[in-house]
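Asker: Have a look at this one before I ask anything.
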Amino acid sequence: MHGKRKMEMKHNEATDASEKLAMRVSRNSIFANVILSAFKIIAGLVGHSGAMISDAIHSFSDVISTVVVIIGIKISAKDADEKHQYGHERMECVTAIVLAVILGITGGGIGLAGLKNVIAGNYDSLQIPSMIALLAAILSIAIKEGMYWYTRAAAKKINSPALMADAWHHRSDAFSSIGSFIGITGARLGYPVLDSVASIVICIFIIRAAVEIFMDAVSKMTDESCPKEVEESIRELILSQDGVIEIDELRTRQFGAKIYVDVEIGVAGDLSLRAAHEIAEQVHHGIEENVSGVKHCMVHVNPVD
């Protein structure tokens, strides 16, 4: 029991550290996006650039998505209760799905607006964007790409699908700003159609990212097994424990950002119940302490003659 309590305390400490990191990254994202959105709206209005105003709205959608991430991570970090005895980790996947939908709608809106402009073909009435709009696009690309790598690193560190979805939302905004840059440059060179064509191309990239995020979240909500290399490392760890003769069955499932393991091991049939239990405890603690992301491991013992 003492070992179990120690493992629970260790898990709770890791969860708290992950939540603090996610909250810090999310707060920084909100602050940066609010400042950037305000600057891009001003640059779009002053610089007579519709593309930059649309880009600013896209940046503001990142604020909404980050708030959704914060809510999802807060809920997923809650302790197990009577109604949710396995915890709330899947709420991170629900959050990632919501973000994927937001990302897909945003990308679709950008592409549809660009397609309408290309079909209409009316560019004569458009004002030529000024240099401030072009500078805003360059600044946005640099900041949003930096935020993508910053958020992605944190997401990989704590294995958070919601935070990873938010990272891709930052990159989609960087793609959007690239489109703004191409469109504004094209308009200044006398080819305003490039603005709309770039929007359509960027739309494809954004929707592709949304689909990947969506599929990853769904796979983690449907008890998909761990990758082969993870299962192989678990298998090697089990067989390295003293007293384990064979593995009769090994099953894994991804539960949100966590992993659950069920294993049946074979031990000598003439061992006492206490001795067999100690071997099972060694396997249990060995997996939970050495395999990253494992929240719980269930070990069943079979006698081997």
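Please note that chains go A, B, ... in the order of the structure tokens, that every chain numbers its residues from 1, and that ligands are numbered from 1 in the order shown.
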Could you give me, as a VMD selection string, the residues within 7 Å of segment 97-109 of chain A, counting only C-alpha atoms and dropping anything in the same chain fewer than 2 positions from it?
Answerer: chain A and resid 65 93 to 95 111 to 113 165 169 203 206 to 207 210 to 211 213 to 214 217
Asker: Using 8 Å as the limit and counting only C-alpha atoms, can you tabulate each residue of segment 46-156 of chain A that touches segment 187-190 of chain A, with its shortest atom-to-atom distance in Å and the two atoms involved, as CSV?
Answerer:
residue,atom,partner,partner_atom,distance
A:Ile128,CA,A:Arg188,CA,5.9
A:Pro129,CA,A:Arg188,CA,6.6
A:Ser130,CA,A:Arg188,CA,7.8
Asker: Can you tell me, as JSON, numbers by chain, what residues are no more than 12 Å from segment 72-75 of chain A when counting only C-alpha atoms, ignoring any on the same chain fewer than 5 positions away?
Answerer: {"A": [15, 16, 18, 19, 20, 21, 22, 23, 24, 25, 26, 65, 66, 67, 80, 84, 87, 88, 89, 90, 91, 92, 93, 94, 95, 96, 97, 98, 99, 155, 158, 159, 160, 161, 162, 163, 164, 165, 166, 256, 257]}
Asker: Skip Val244 of chain A itself and residues of its chain fewer than 3 positions away, then list as a ChimeraX atom specification all residues within 9 Å of it, counting only C-alpha atoms.
Answerer: /A:238-241,247,265-268,279-280,283
Asker: Using DSSP on the backbone coordinates, identify all residues within segment 165-297 of chain A classified as strand (DSSP E or B); present the result as a compact mmCIF listing (two decimals) with C-alpha atoms, in the first residue's frame.
Answerer:
# COMPACT_ATOMS: atom_id res chain seq x y z
CA GLU A 246 6.31 -15.55 -19.71
CA ILE A 247 3.75 -13.00 -20.86
CA ASP A 248 0.38 -14.58 -21.60
CA GLU A 249 -1.31 -11.38 -22.75
CA LEU A 250 -0.43 -7.69 -23.05
CA ARG A 251 -2.97 -5.00 -23.93
CA THR A 252 -2.57 -1.23 -23.97
CA ARG A 253 -4.97 1.65 -24.59
CA GLN A 254 -4.58 5.39 -24.88
CA PHE A 255 -6.98 7.24 -22.61
CA LYS A 258 -2.47 8.81 -20.66
CA ILE A 259 -1.79 5.10 -21.20
CA TYR A 260 -3.45 2.15 -19.46
CA VAL A 261 -1.78 -1.28 -19.47
CA ASP A 262 -3.36 -4.72 -18.78
CA VAL A 263 -0.99 -7.67 -18.62
CA GLU A 264 -1.17 -11.35 -17.72
CA ILE A 265 2.14 -12.86 -16.60
CA GLY A 266 3.12 -16.48 -15.98
CA VAL A 267 5.03 -17.36 -12.77
CA ALA A 268 6.05 -20.64 -11.16
CA VAL A 294 1.38 5.32 -18.09
CA LYS A 295 -1.26 6.24 -15.54
CA HIS A 296 -2.27 2.75 -14.43
CA CYS A 297 -1.16 -0.84 -14.91
Asker: Please report the interatomic distance between atom CA of Cys226 of chain A and atom CA of His300 of chain A in Å with one decimal.
Answerer: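 Atom-to-atom, atom CA of Cys226 of chain A and atom CA of His300 of chain A are spaced 19.7 Å apart.
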